[in-house]
file target37.cif (mmCIF, C-alpha atoms and all ligand atoms)
data_entry
loop_
_atom_site.label_atom_id
_atom_site.label_comp_id
_atom_site.auth_asym_id
_atom_site.auth_seq_id
_atom_site.Cartn_x
_atom_site.Cartn_y
_atom_site.Cartn_z
CA MET A 1 96.55 72.18 132.33
CA ASN A 2 95.46 71.85 135.94
CA GLN A 3 94.94 75.38 137.31
CA PRO A 4 94.05 75.25 141.01
CA TYR A 5 95.17 78.80 141.85
CA PHE A 6 93.86 82.35 141.63
CA ILE A 7 95.81 85.51 142.43
CA GLY A 8 94.21 88.62 143.94
CA LEU A 9 95.82 92.08 143.61
CA MET A 10 94.74 95.20 145.47
CA THR A 11 96.05 98.76 145.40
CA GLY A 12 93.66 100.67 147.64
CA THR A 13 92.83 104.29 148.42
CA SER A 14 95.68 104.57 150.96
CA LEU A 15 98.16 104.17 148.10
CA ASP A 16 100.44 102.29 150.49
CA GLY A 17 101.38 99.52 148.06
CA VAL A 18 100.34 96.40 146.16
CA ASP A 19 98.80 93.56 148.16
CA ALA A 20 99.07 90.20 146.41
CA VAL A 21 97.61 86.85 147.50
CA LEU A 22 97.73 83.36 146.03
CA VAL A 23 94.66 81.25 146.71
CA ASP A 24 94.22 77.51 146.12
CA VAL A 25 90.59 76.88 145.11
CA SER A 26 90.90 73.17 144.35
CA GLY A 27 89.53 71.94 147.71
CA PRO A 28 86.11 72.32 149.36
CA THR A 29 87.21 75.60 150.98
CA PRO A 30 89.75 78.00 149.43
CA ILE A 31 93.17 78.19 151.07
CA LEU A 32 95.37 81.29 151.24
CA VAL A 33 98.72 79.83 150.14
CA ALA A 34 100.90 82.95 150.13
CA ALA A 35 100.59 86.71 150.54
CA GLN A 36 102.94 89.60 150.01
CA GLY A 37 102.82 93.39 150.16
CA ARG A 38 105.11 95.58 148.06
CA PRO A 39 105.43 99.35 148.38
CA LEU A 40 104.73 101.47 145.31
CA PRO A 41 107.79 103.37 144.02
CA GLY A 42 107.69 106.90 145.51
CA GLY A 43 107.40 108.63 142.14
CA LEU A 44 104.45 106.50 141.07
CA ARG A 45 102.71 107.05 144.40
CA ASP A 46 103.07 110.83 143.97
CA THR A 47 101.73 110.62 140.41
CA LEU A 48 98.74 108.56 141.54
CA LEU A 49 98.06 111.01 144.37
CA SER A 50 98.17 113.92 141.91
CA LEU A 51 95.79 112.04 139.61
CA GLN A 52 93.12 111.96 142.33
CA ALA A 53 92.11 115.44 141.15
CA SER A 54 92.00 116.88 137.67
CA GLY A 55 95.16 118.50 136.31
CA PRO A 56 97.07 119.21 133.09
CA ASP A 57 97.64 116.44 130.54
CA GLU A 58 95.71 114.06 132.72
CA ILE A 59 95.05 111.36 130.12
CA ASP A 60 98.72 110.96 129.24
CA ARG A 61 99.77 110.94 132.90
CA ALA A 62 97.02 108.47 133.79
CA TRP A 63 97.83 106.03 131.03
CA ARG A 64 101.55 106.12 131.72
CA ALA A 65 100.83 105.55 135.42
CA GLY A 66 98.68 102.57 134.38
CA ILE A 67 101.65 101.07 132.55
CA GLN A 68 103.92 101.59 135.56
CA LEU A 69 101.27 100.05 137.79
CA ALA A 70 101.09 96.99 135.54
CA GLU A 71 104.86 96.61 135.86
CA CYS A 72 104.57 96.77 139.68
CA TYR A 73 101.69 94.29 139.63
CA ALA A 74 103.71 91.90 137.45
CA GLU A 75 106.69 92.11 139.82
CA ALA A 76 104.37 91.40 142.76
CA VAL A 77 102.84 88.39 140.96
CA LEU A 78 106.17 86.91 139.93
CA ALA A 79 107.66 87.38 143.43
CA LEU A 80 104.59 85.74 144.97
CA LEU A 81 104.79 82.74 142.64
CA LEU A 82 108.52 82.37 143.28
CA ARG A 83 107.97 82.45 147.01
CA ALA A 84 105.20 79.84 146.81
CA ALA A 85 107.12 77.75 144.21
CA VAL A 86 104.02 77.70 141.99
CA PRO A 87 104.46 77.97 138.18
CA ALA A 88 102.43 80.68 136.38
CA GLU A 89 100.77 77.99 134.21
CA GLN A 90 98.93 76.72 137.30
CA VAL A 91 97.18 80.05 137.91
CA ALA A 92 93.71 80.28 136.35
CA ALA A 93 93.59 84.07 136.59
CA ILE A 94 94.73 87.21 138.35
CA GLY A 95 91.89 89.32 139.78
CA ASN A 96 93.30 92.85 139.51
CA HIS A 97 91.42 95.68 141.21
CA GLY A 98 93.61 98.47 139.82
CA GLN A 99 94.02 101.93 141.33
CA THR A 100 90.94 104.06 141.81
CA VAL A 101 91.60 107.65 140.69
CA ARG A 102 87.95 108.76 140.33
CA HIS A 103 84.78 107.35 141.82
CA ARG A 104 81.70 109.16 140.57
CA PRO A 105 78.88 106.66 140.31
CA GLU A 106 76.44 109.59 140.49
CA ARG A 107 77.81 110.65 137.10
CA GLY A 108 77.81 107.05 135.83
CA TYR A 109 81.50 106.22 136.07
CA THR A 110 84.33 104.99 138.27
CA VAL A 111 87.95 104.77 137.10
CA GLN A 112 90.53 102.20 138.16
CA LEU A 113 93.92 102.53 136.46
CA GLY A 114 96.13 99.57 135.61
CA ASP A 115 97.10 98.26 132.22
CA HIS A 116 95.48 94.80 132.39
CA ALA A 117 96.64 93.82 128.88
CA ARG A 118 100.23 94.57 129.85
CA LEU A 119 99.88 92.59 133.08
CA ALA A 120 98.65 89.59 131.04
CA GLU A 121 101.59 90.10 128.66
CA LEU A 122 104.18 90.37 131.46
CA THR A 123 102.94 87.38 133.46
CA GLY A 124 101.48 85.04 130.82
CA ILE A 125 98.42 84.70 133.09
CA THR A 126 94.77 85.53 132.30
CA VAL A 127 93.78 88.81 133.93
CA VAL A 128 90.33 89.78 135.16
CA GLY A 129 89.98 93.52 135.82
CA ASP A 130 87.54 96.44 135.69
CA PHE A 131 85.27 94.90 138.32
CA ARG A 132 83.21 97.97 139.12
CA SER A 133 81.98 99.41 135.82
CA ARG A 134 79.30 96.80 135.10
CA ASP A 135 77.61 97.40 138.43
CA VAL A 136 77.70 101.17 137.81
CA ALA A 137 76.26 100.64 134.31
CA ALA A 138 73.44 98.70 136.00
CA GLY A 139 72.65 101.75 138.14
CA GLY A 140 74.77 100.71 141.14
CA GLN A 141 77.50 102.39 143.14
CA GLY A 142 80.10 99.90 141.89
CA ALA A 143 81.21 99.72 145.55
CA PRO A 144 81.61 98.29 148.02
CA LEU A 145 82.12 94.91 146.35
CA VAL A 146 83.65 92.99 149.27
CA PRO A 147 80.32 92.34 151.08
CA ALA A 148 79.57 89.34 148.81
CA PHE A 149 82.97 87.88 149.68
CA HIS A 150 82.48 88.66 153.38
CA GLN A 151 79.19 86.80 153.22
CA ALA A 152 80.85 83.80 151.54
CA VAL A 153 83.69 83.48 154.06
CA PHE A 154 82.63 85.18 157.31
CA ALA A 155 78.85 84.70 157.75
CA ASP A 156 77.67 82.61 160.70
CA SER A 157 74.32 80.85 161.00
CA ARG A 158 73.81 81.85 164.66
CA ARG A 159 75.88 84.92 165.44
CA HIS A 160 75.13 88.37 164.06
CA ARG A 161 78.41 89.62 162.64
CA VAL A 162 79.56 92.90 161.16
CA ILE A 163 82.80 93.09 159.20
CA VAL A 164 84.51 96.50 158.98
CA ASN A 165 87.33 97.29 156.58
CA ILE A 166 89.37 100.28 157.78
CA GLY A 167 91.49 101.16 154.78
CA GLY A 168 91.81 104.67 153.36
CA ILE A 169 88.02 104.64 153.29
CA ALA A 170 86.07 102.46 155.74
CA ASN A 171 83.23 100.16 154.74
CA LEU A 172 81.06 97.71 156.63
CA THR A 173 79.19 94.51 155.87
CA ASP A 174 76.25 93.54 158.05
CA LEU A 175 75.77 89.75 158.19
CA PRO A 176 72.62 89.00 160.19
CA PRO A 177 72.01 85.25 160.50
CA GLY A 178 69.38 84.34 157.90
CA GLY A 179 68.84 88.00 156.96
CA ASP A 180 69.78 90.20 154.04
CA VAL A 181 73.38 91.32 153.75
CA VAL A 182 73.81 95.10 153.85
CA GLY A 183 77.04 96.95 153.09
CA PHE A 184 78.20 100.51 152.48
CA ASP A 185 81.13 102.88 152.91
CA THR A 186 80.93 104.58 156.30
CA GLY A 187 83.34 107.41 155.36
CA PRO A 188 87.00 108.09 156.05
CA GLY A 189 89.09 105.29 157.52
CA ASN A 190 92.75 106.34 157.52
CA VAL A 191 92.80 108.76 154.60
CA LEU A 192 92.50 111.98 156.64
CA LEU A 193 94.72 110.66 159.45
CA ASP A 194 97.42 109.81 156.88
CA ALA A 195 97.13 113.20 155.15
CA TRP A 196 97.33 115.13 158.43
CA ILE A 197 100.36 113.30 159.84
CA ALA A 198 102.13 113.56 156.46
CA GLN A 199 101.55 117.33 156.53
CA HIS A 200 102.72 117.84 160.13
CA GLN A 201 105.17 115.04 160.90
CA GLY A 202 106.30 113.92 157.46
CA GLN A 203 105.20 110.35 158.15
CA ARG A 204 103.15 108.06 155.91
CA TYR A 205 100.87 107.03 158.77
CA ASP A 206 100.41 107.32 162.53
CA THR A 207 101.97 104.07 163.77
CA SER A 208 99.58 102.41 166.23
CA GLY A 209 97.83 105.79 166.52
CA GLN A 210 100.58 107.00 168.89
CA TRP A 211 100.44 110.63 167.77
CA ALA A 212 96.64 110.77 167.95
CA ALA A 213 96.88 109.36 171.50
CA THR A 214 98.91 112.42 172.58
CA GLY A 215 96.12 114.82 171.54
CA LYS A 216 92.69 115.53 172.91
CA VAL A 217 89.46 115.23 170.96
CA LEU A 218 87.97 118.65 170.14
CA PRO A 219 84.18 118.20 170.48
CA ASP A 220 83.25 121.30 168.42
CA LEU A 221 85.56 120.26 165.57
CA LEU A 222 84.25 116.70 165.72
CA ASP A 223 80.67 118.00 165.42
CA LEU A 224 81.71 120.15 162.46
CA LEU A 225 83.29 117.15 160.70
CA LEU A 226 80.33 114.89 161.47
CA ALA A 227 77.99 117.48 159.93
CA GLU A 228 79.18 116.29 156.49
CA SER A 229 75.97 115.18 154.78
CA TYR A 230 77.51 111.90 153.54
CA PHE A 231 77.30 110.41 157.05
CA ALA A 232 73.51 110.78 157.27
CA MET A 233 72.82 109.53 153.75
CA PRO A 234 70.98 106.21 153.54
CA SER A 235 72.66 103.29 151.75
CA PRO A 236 73.38 102.32 149.00
CA LYS A 237 76.28 104.71 149.22
CA SER A 238 80.01 104.76 148.54
CA THR A 239 82.71 107.37 148.69
CA GLY A 240 86.41 107.97 148.21
CA ARG A 241 89.14 110.56 147.91
CA ASP A 242 86.75 112.49 145.62
CA LEU A 243 85.03 113.69 148.82
CA PHE A 244 87.37 112.98 151.74
CA HIS A 245 90.74 114.59 151.04
CA ALA A 246 93.12 117.14 152.62
CA GLY A 247 91.15 120.05 151.09
CA TRP A 248 87.92 118.84 152.72
CA LEU A 249 89.66 119.00 156.10
CA ALA A 250 91.45 122.30 155.37
CA ARG A 251 88.11 124.01 154.61
CA ARG A 252 86.76 122.94 158.00
CA LEU A 253 89.87 124.13 159.81
CA THR A 254 89.81 127.61 158.28
CA GLY A 255 90.02 130.28 160.98
CA ARG A 256 90.91 127.78 163.71
CA SER A 257 94.30 127.35 165.36
CA ASP A 258 94.05 123.90 166.91
CA ALA A 259 97.15 122.00 168.00
CA PRO A 260 98.01 119.48 165.26
CA GLN A 261 97.94 116.51 167.64
CA ASP A 262 94.43 117.53 168.79
CA VAL A 263 93.29 117.55 165.16
CA GLN A 264 94.78 114.06 164.74
CA ALA A 265 92.94 112.86 167.86
CA THR A 266 89.72 114.38 166.49
CA LEU A 267 90.21 112.73 163.09
CA ALA A 268 90.65 109.37 164.84
CA ALA A 269 87.43 110.11 166.73
CA LEU A 270 85.72 110.93 163.42
CA THR A 271 86.69 107.56 161.96
CA VAL A 272 85.59 105.75 165.12
CA GLN A 273 82.31 107.59 165.61
CA SER A 274 81.23 107.37 161.97
CA ILE A 275 81.87 103.61 162.02
CA ALA A 276 80.23 103.05 165.42
CA ASP A 277 77.17 105.17 164.50
CA ALA A 278 76.78 103.22 161.26
CA ILE A 279 77.00 99.89 163.10
CA LEU A 280 74.55 100.88 165.84
CA LEU A 281 72.05 102.22 163.31
CA GLN A 282 72.38 99.37 160.83
CA ALA A 283 72.91 96.43 163.19
CA PRO A 284 71.73 97.32 166.71
CA GLY A 285 71.67 93.66 167.78
CA VAL A 286 75.16 92.83 166.54
CA ASP A 287 77.09 90.20 168.52
CA GLU A 288 80.54 90.42 166.96
CA VAL A 289 82.46 93.03 164.97
CA TYR A 290 85.55 91.97 163.02
CA ILE A 291 88.04 94.48 161.64
CA CYS A 292 90.21 94.17 158.56
CA GLY A 293 92.38 96.59 156.59
CA GLY A 294 95.42 98.51 157.83
CA GLY A 295 93.36 100.27 160.52
CA ALA A 296 93.32 96.98 162.44
CA HIS A 297 96.96 97.80 163.37
CA ASN A 298 96.03 101.16 164.84
CA THR A 299 95.64 100.23 168.53
CA HIS A 300 94.42 103.73 169.43
CA LEU A 301 91.57 103.39 166.90
CA MET A 302 90.78 99.84 168.00
CA HIS A 303 90.54 100.77 171.69
CA ALA A 304 88.34 103.77 170.89
CA LEU A 305 86.09 101.60 168.72
CA GLY A 306 85.81 99.08 171.56
CA ARG A 307 84.68 101.89 173.90
CA ALA A 308 82.15 103.13 171.34
CA LEU A 309 80.61 99.64 171.04
CA PRO A 310 80.11 98.46 174.63
CA GLY A 311 78.94 94.88 174.96
CA VAL A 312 80.03 93.95 171.43
CA ALA A 313 82.88 91.48 170.89
CA LEU A 314 85.52 93.24 168.80
CA ALA A 315 88.39 91.42 167.08
CA SER A 316 90.35 91.30 163.85
CA THR A 317 89.38 88.97 161.01
CA ALA A 318 92.48 86.92 161.93
CA GLU A 319 90.10 85.36 164.50
CA LEU A 320 88.01 84.12 161.57
CA GLY A 321 91.04 82.73 159.76
CA ILE A 322 92.00 85.57 157.39
CA ASP A 323 94.74 88.05 158.24
CA PRO A 324 93.24 91.59 158.15
CA ASP A 325 95.92 92.73 155.68
CA TRP A 326 94.85 90.29 152.96
CA VAL A 327 91.05 90.34 153.02
CA GLU A 328 90.62 92.80 150.12
CA ALA A 329 93.17 91.13 147.81
CA TYR A 330 91.59 87.77 148.66
CA ALA A 331 88.21 89.21 147.66
CA PHE A 332 89.51 90.07 144.18
CA ALA A 333 90.88 86.53 143.70
CA TRP A 334 87.35 85.33 144.65
CA LEU A 335 85.71 87.84 142.30
CA ALA A 336 87.98 86.71 139.43
CA GLN A 337 86.85 83.13 140.03
CA ARG A 338 83.22 84.26 140.05
CA CYS A 339 83.78 86.03 136.73
CA LEU A 340 85.43 83.04 135.01
CA SER A 341 82.65 80.75 136.26
CA ARG A 342 80.03 83.26 135.03
CA GLN A 343 78.58 83.90 138.48
CA PRO A 344 77.46 87.33 139.73
CA GLY A 345 79.92 89.21 141.96
CA ASN A 346 77.74 92.07 143.21
CA LEU A 347 74.97 92.16 145.78
CA PRO A 348 72.29 94.45 144.26
CA GLN A 349 70.88 95.38 147.67
CA VAL A 350 74.38 96.63 148.63
CA THR A 351 75.38 98.53 145.51
CA GLY A 352 71.90 99.51 144.33
CA ALA A 353 72.38 97.89 140.92
CA GLN A 354 69.28 96.76 139.05
CA GLY A 355 70.24 93.13 139.56
CA PRO A 356 73.02 90.61 140.02
CA ARG A 357 75.78 91.07 137.44
CA ILE A 358 78.87 89.14 136.41
CA LEU A 359 81.65 91.59 137.24
CA GLY A 360 84.93 92.06 135.40
CA ALA A 361 86.46 92.01 131.95
CA ILE A 362 88.80 89.22 130.86
CA TRP A 363 92.21 89.49 129.16
CA PRO A 364 92.70 85.80 128.31
CA ASN A 365 95.93 83.88 127.92
N1 LIG B 401 100.94 99.80 162.19
C1 LIG B 401 100.00 100.66 161.82
N2 LIG B 401 99.56 101.61 162.67
C2 LIG B 401 98.60 102.50 162.30
N3 LIG B 401 98.03 102.52 161.09
C3 LIG B 401 98.43 101.59 160.21
C4 LIG B 401 99.41 100.62 160.50
N4 LIG B 401 99.59 99.83 159.42
C5 LIG B 401 98.74 100.30 158.48
N5 LIG B 401 98.04 101.36 158.94
C6 LIG B 401 97.06 102.19 158.22
O1 LIG B 401 96.43 101.42 157.23
C7 LIG B 401 96.52 102.08 155.96
C8 LIG B 401 96.55 101.04 154.86
O2 LIG B 401 95.41 100.27 154.97
P1 LIG B 401 94.88 99.40 153.76
O3 LIG B 401 96.04 98.80 153.05
O4 LIG B 401 93.85 98.49 154.29
O5 LIG B 401 94.23 100.52 152.86
P2 LIG B 401 93.78 100.45 151.35
O6 LIG B 401 93.50 99.04 150.96
O7 LIG B 401 94.78 101.21 150.57
O8 LIG B 401 92.45 101.31 151.39
P3 LIG B 401 90.94 100.96 150.91
O9 LIG B 401 90.48 99.79 151.70
O10 LIG B 401 90.20 102.22 151.22
O11 LIG B 401 91.02 100.72 149.46
C9 LIG B 401 97.78 102.92 156.06
O12 LIG B 401 97.75 103.99 155.16
C10 LIG B 401 97.73 103.35 157.52
O13 LIG B 401 96.92 104.48 157.68
C1 LIG B 402 85.87 103.02 144.35
C2 LIG B 402 86.76 102.29 145.30
O1 LIG B 402 87.87 101.93 144.94
N1 LIG B 402 86.27 102.04 146.50
C3 LIG B 402 87.00 101.29 147.51
C4 LIG B 402 87.42 102.21 148.65
O2 LIG B 402 88.18 101.48 149.62
C5 LIG B 402 87.27 101.01 150.63
C6 LIG B 402 85.93 101.45 150.13
O3 LIG B 402 86.28 102.62 149.38
C7 LIG B 402 85.28 100.43 149.19
O4 LIG B 402 84.06 100.96 148.72
C8 LIG B 402 86.13 100.13 147.93
O5 LIG B 402 86.97 99.02 148.05
C9 LIG B 402 86.56 97.73 148.42
C10 LIG B 402 87.59 96.76 147.99
C11 LIG B 402 85.18 97.29 147.94
O6 LIG B 402 84.78 97.56 146.82
O7 LIG B 402 84.51 96.60 148.69
#
call {"tool": "encode", "arguments": {"input": "target37.cif", "output": "structure tokens"}}
result
Amino acid sequence: MNQPYFIGLMTGTSLDGVDAVLVDVSGPTPILVAAQGRPLPGGLRDTLLSLQASGPDEIDRAWRAGIQLAECYAEAVLALLLRAAVPAEQVAAIGNHGQTVRHRPERGYTVQLGDHARLAELTGITVVGDFRSRDVAAGGQGAPLVPAFHQAVFADSRRHRVIVNIGGIANLTDLPPGGDVVGFDTGPGNVLLDAWIAQHQGQRYDTSGQWAATGKVLPDLLDLLLAESYFAMPSPKSTGRDLFHAGWLARRLTGRSDAPQDVQATLAALTVQSIADAILLQAPGVDEVYICGGGAHNTHLMHALGRALPGVALASTAELGIDPDWVEAYAFAWLAQRCLSRQPGNLPQVTGAQGPRILGAIWPN
């Protein structure tokens, strides 16, 4: 059977939904054929949020959530194939990231939920999953993994580029022409902004950063937030909701009575400054910065980032041919292909692993 397609599935730290892409790899350069986002059912989202910290009967709740996730993934896959009029038999594999509920490489593990066997059962397609654990077993962070993909699709032989994903957590990839790729998580992207607006306005996220734009940045609070030791740590480094969550913020707000919109403005400034500082330290000669992830839609963040990086061309990855919403899912289609062709998926200098490793486990069909 001719199988020119791979599917990539991503459910990220924002817990905003399932991103699914269909990629045709039969030509000299891969082509994004179709892409679709589907929200997670509210109940499942709440369960996954509660599973970000330990609680009663965690194993049962986690495994049942994994089954529900697999059902959502299967619906996303089947809808995508229907939309693209591509039969499942023509898909070589689904690269399925799963849902991170713990990321503790310092303790030797990282956990992504998602019942891969069930997804293979429900779709009749080979599934590649569990992409991070091999890198962690090899002494790495298991994250970020997208820098290898960014290198493959976004590197330029003359221009010094940095790619920044602003999802729940933000991560960057430094692509100096002819030099070594570097990548790491810079810290919070949208995760604290989302938590704060949910708490005060009952909204999932701050559309275009409109609420943050009504507040003023509080310099003393910003300094307090930037004092978090993660920001000054050298790479390799990665983080997640394990560190940056509502409780982290609440502890730093104890005894203060700031206006909620000023806190939102300060959280936006935290995201911007931590990204800009990381870029200026890591890639002082950068020519172009390209943004992907949902944060690319936050115009308040984008304008502030532009001001923090004077003289640097700032744009979304759409300028490089990939819509910012689909970069991560695309990366997991690419990583699935690397796995099936027995090629390494990690960059050891990024994750800190002892060497290149083939990433992922296979549930064949
Ligand atoms: N129109 C918009 N205006 C402002 N923010 C937006 C908009 N659309 C999306 N976002 C932000 O982007 C987030 C989702 O981004 P994305 O899907 O890239 O995250 P993720 O993949 O879940 O996270 P990660 O990359 O950390 O795994 C939303 O939670 C929201 O904060
Ligand atoms: C453990 C985990 O799920 N990490 C995510 C998260 O979301 C962004 C950032 O933190 C990044 O390190 C990673 O995702 C992307 C896909 C990566 O591995 O490159």
call {"tool": "closest_residue", "arguments": {"input": "target37.cif", "among": "A:Leu44, A:Ala143, A:Ala331, A:Ala283", "to": "Pro30 (chain A)", "atoms": "only C-alpha atoms"}}
result
A:Ala331
call {"tool": "residues_around", "arguments": {"input": "target37.cif", "residues": "Gly142 (chain A)", "least_positions_apart": "3", "cutoff": "10 Å", "atoms": "all atoms listed in the file", "output": "list in words"}}
result
His103, Arg104, Pro105, Gly108, Tyr109, Thr110, Phe131, Arg132, Ser133, Arg134, Asp135, Val136, Ala137, Ala138, Gly139, Leu145, Lys237, Ser238, Asn346, Pro348, Val350, Thr351, Gly352, Ala353 and Leu359 of chain A
call {"tool": "write_last_selection", "arguments": {"input": "target37.cif", "atoms": "C-alpha atoms", "output": "PDB file, keeping the file's coordinate frame"}}
result
ATOM      1  CA  HIS A 103      84.780 107.350 141.820  1.00  0.00           C
ATOM      2  CA  ARG A 104      81.700 109.160 140.570  1.00  0.00           C
ATOM      3  CA  PRO A 105      78.880 106.660 140.310  1.00  0.00           C
ATOM      4  CA  GLY A 108      77.810 107.050 135.830  1.00  0.00           C
ATOM      5  CA  TYR A 109      81.500 106.220 136.070  1.00  0.00           C
ATOM      6  CA  THR A 110      84.330 104.990 138.270  1.00  0.00           C
ATOM      7  CA  PHE A 131      85.270  94.900 138.320  1.00  0.00           C
ATOM      8  CA  ARG A 132      83.210  97.970 139.120  1.00  0.00           C
ATOM      9  CA  SER A 133      81.980  99.410 135.820  1.00  0.00           C
ATOM     10  CA  ARG A 134      79.300  96.800 135.100  1.00  0.00           C
ATOM     11  CA  ASP A 135      77.610  97.400 138.430  1.00  0.00           C
ATOM     12  CA  VAL A 136      77.700 101.170 137.810  1.00  0.00           C
ATOM     13  CA  ALA A 137      76.260 100.640 134.310  1.00  0.00           C
ATOM     14  CA  ALA A 138      73.440  98.700 136.000  1.00  0.00           C
ATOM     15  CA  GLY A 139      72.650 101.750 138.140  1.00  0.00           C
ATOM     16  CA  LEU A 145      82.120  94.910 146.350  1.00  0.00           C
ATOM     17  CA  LYS A 237      76.280 104.710 149.220  1.00  0.00           C
ATOM     18  CA  SER A 238      80.010 104.760 148.540  1.00  0.00           C
ATOM     19  CA  ASN A 346      77.740  92.070 143.210  1.00  0.00           C
ATOM     20  CA  PRO A 348      72.290  94.450 144.260  1.00  0.00           C
ATOM     21  CA  VAL A 350      74.380  96.630 148.630  1.00  0.00           C
ATOM     22  CA  THR A 351      75.380  98.530 145.510  1.00  0.00           C
ATOM     23  CA  GLY A 352      71.900  99.510 144.330  1.00  0.00           C
ATOM     24  CA  ALA A 353      72.380  97.890 140.920  1.00  0.00           C
ATOM     25  CA  LEU A 359      81.650  91.590 137.240  1.00  0.00           C
TER      26      LEU A 359
END
call {"tool": "residues_near_ligand", "arguments": {"input": "target37.cif", "ligand": "ligand LIG 401 (chain B)", "cutoff": "7 Å", "atoms": "all atoms listed in the file", "output": "PyMOL selection string"}}
result
chain A and resi 10-16+165-170+190-191+193-194+204-209+293-295+297-298+325+328
call {"tool": "write_last_selection", "arguments": {"input": "target37.cif", "atoms": "C-alpha atoms", "output": "PDB file, keeping the file's coordinate frame"}}
result
ATOM      1  CA  MET A  10      94.740  95.200 145.470  1.00  0.00           C
ATOM      2  CA  THR A  11      96.050  98.760 145.400  1.00  0.00           C
ATOM      3  CA  GLY A  12      93.660 100.670 147.640  1.00  0.00           C
ATOM      4  CA  THR A  13      92.830 104.290 148.420  1.00  0.00           C
ATOM      5  CA  SER A  14      95.680 104.570 150.960  1.00  0.00           C
ATOM      6  CA  LEU A  15      98.160 104.170 148.100  1.00  0.00           C
ATOM      7  CA  ASP A  16     100.440 102.290 150.490  1.00  0.00           C
ATOM      8  CA  ASN A 165      87.330  97.290 156.580  1.00  0.00           C
ATOM      9  CA  ILE A 166      89.370 100.280 157.780  1.00  0.00           C
ATOM     10  CA  GLY A 167      91.490 101.160 154.780  1.00  0.00           C
ATOM     11  CA  GLY A 168      91.810 104.670 153.360  1.00  0.00           C
ATOM     12  CA  ILE A 169      88.020 104.640 153.290  1.00  0.00           C
ATOM     13  CA  ALA A 170      86.070 102.460 155.740  1.00  0.00           C
ATOM     14  CA  ASN A 190      92.750 106.340 157.520  1.00  0.00           C
ATOM     15  CA  VAL A 191      92.800 108.760 154.600  1.00  0.00           C
ATOM     16  CA  LEU A 193      94.720 110.660 159.450  1.00  0.00           C
ATOM     17  CA  ASP A 194      97.420 109.810 156.880  1.00  0.00           C
ATOM     18  CA  ARG A 204     103.150 108.060 155.910  1.00  0.00           C
ATOM     19  CA  TYR A 205     100.870 107.030 158.770  1.00  0.00           C
ATOM     20  CA  ASP A 206     100.410 107.320 162.530  1.00  0.00           C
ATOM     21  CA  THR A 207     101.970 104.070 163.770  1.00  0.00           C
ATOM     22  CA  SER A 208      99.580 102.410 166.230  1.00  0.00           C
ATOM     23  CA  GLY A 209      97.830 105.790 166.520  1.00  0.00           C
ATOM     24  CA  GLY A 293      92.380  96.590 156.590  1.00  0.00           C
ATOM     25  CA  GLY A 294      95.420  98.510 157.830  1.00  0.00           C
ATOM     26  CA  GLY A 295      93.360 100.270 160.520  1.00  0.00           C
ATOM     27  CA  HIS A 297      96.960  97.800 163.370  1.00  0.00           C
ATOM     28  CA  ASN A 298      96.030 101.160 164.840  1.00  0.00           C
ATOM     29  CA  ASP A 325      95.920  92.730 155.680  1.00  0.00           C
ATOM     30  CA  GLU A 328      90.620  92.800 150.120  1.00  0.00           C
TER      31      GLU A 328
END
call {"tool": "closest_residue", "arguments": {"input": "target37.cif", "among": "A:Asp19, A:Asp287, A:Glu228, A:Asp258", "to": "ligand LIG 402 (chain B)", "atoms": "all atoms listed in the file"}}
result
A:Asp19
call {"tool": "atom_distance", "arguments": {"input": "target37.cif", "atom1": "CA of Asp220 (chain A)", "atom2": "CA of Leu267 (chain A)"}}
result
12.3 Å
call {"tool": "atom_distance", "arguments": {"input": "target37.cif", "atom1": "CA of Ala232 (chain A)", "atom2": "atom O6 of ligand LIG 402 (chain B)"}}
result
20.3 Å
call {"tool": "residues_around", "arguments": {"input": "target37.cif", "residues": "Gly321 (chain A)", "least_positions_apart": "3", "cutoff": "12 Å", "atoms": "only C-alpha atoms", "output": "PyMOL selection string"}}
result
chain A and resi 29-32+153-154+290+292+315-318+324-327
call {"tool": "write_last_selection", "arguments": {"input": "target37.cif", "atoms": "C-alpha atoms", "output": "PDB file, keeping the file's coordinate frame"}}
result
ATOM      1  CA  THR A  29      87.210  75.600 150.980  1.00  0.00           C
ATOM      2  CA  PRO A  30      89.750  78.000 149.430  1.00  0.00           C
ATOM      3  CA  ILE A  31      93.170  78.190 151.070  1.00  0.00           C
ATOM      4  CA  LEU A  32      95.370  81.290 151.240  1.00  0.00           C
ATOM      5  CA  VAL A 153      83.690  83.480 154.060  1.00  0.00           C
ATOM      6  CA  PHE A 154      82.630  85.180 157.310  1.00  0.00           C
ATOM      7  CA  TYR A 290      85.550  91.970 163.020  1.00  0.00           C
ATOM      8  CA  CYS A 292      90.210  94.170 158.560  1.00  0.00           C
ATOM      9  CA  ALA A 315      88.390  91.420 167.080  1.00  0.00           C
ATOM     10  CA  SER A 316      90.350  91.300 163.850  1.00  0.00           C
ATOM     11  CA  THR A 317      89.380  88.970 161.010  1.00  0.00           C
ATOM     12  CA  ALA A 318      92.480  86.920 161.930  1.00  0.00           C
ATOM     13  CA  PRO A 324      93.240  91.590 158.150  1.00  0.00           C
ATOM     14  CA  ASP A 325      95.920  92.730 155.680  1.00  0.00           C
ATOM     15  CA  TRP A 326      94.850  90.290 152.960  1.00  0.00           C
ATOM     16  CA  VAL A 327      91.050  90.340 153.020  1.00  0.00           C
TER      17      VAL A 327
END
call {"tool": "closest_residue", "arguments": {"input": "target37.cif", "among": "A:Asn171, A:Gln264, A:Ser50, A:Gln3", "to": "ligand LIG 402 (chain B)", "atoms": "all atoms listed in the file"}}
result
A:Asn171
call {"tool": "atom_distance", "arguments": {"input": "target37.cif", "atom1": "CA of Gly360 (chain A)", "atom2": "CA of Val77 (chain A)"}}
result
19.1 Å
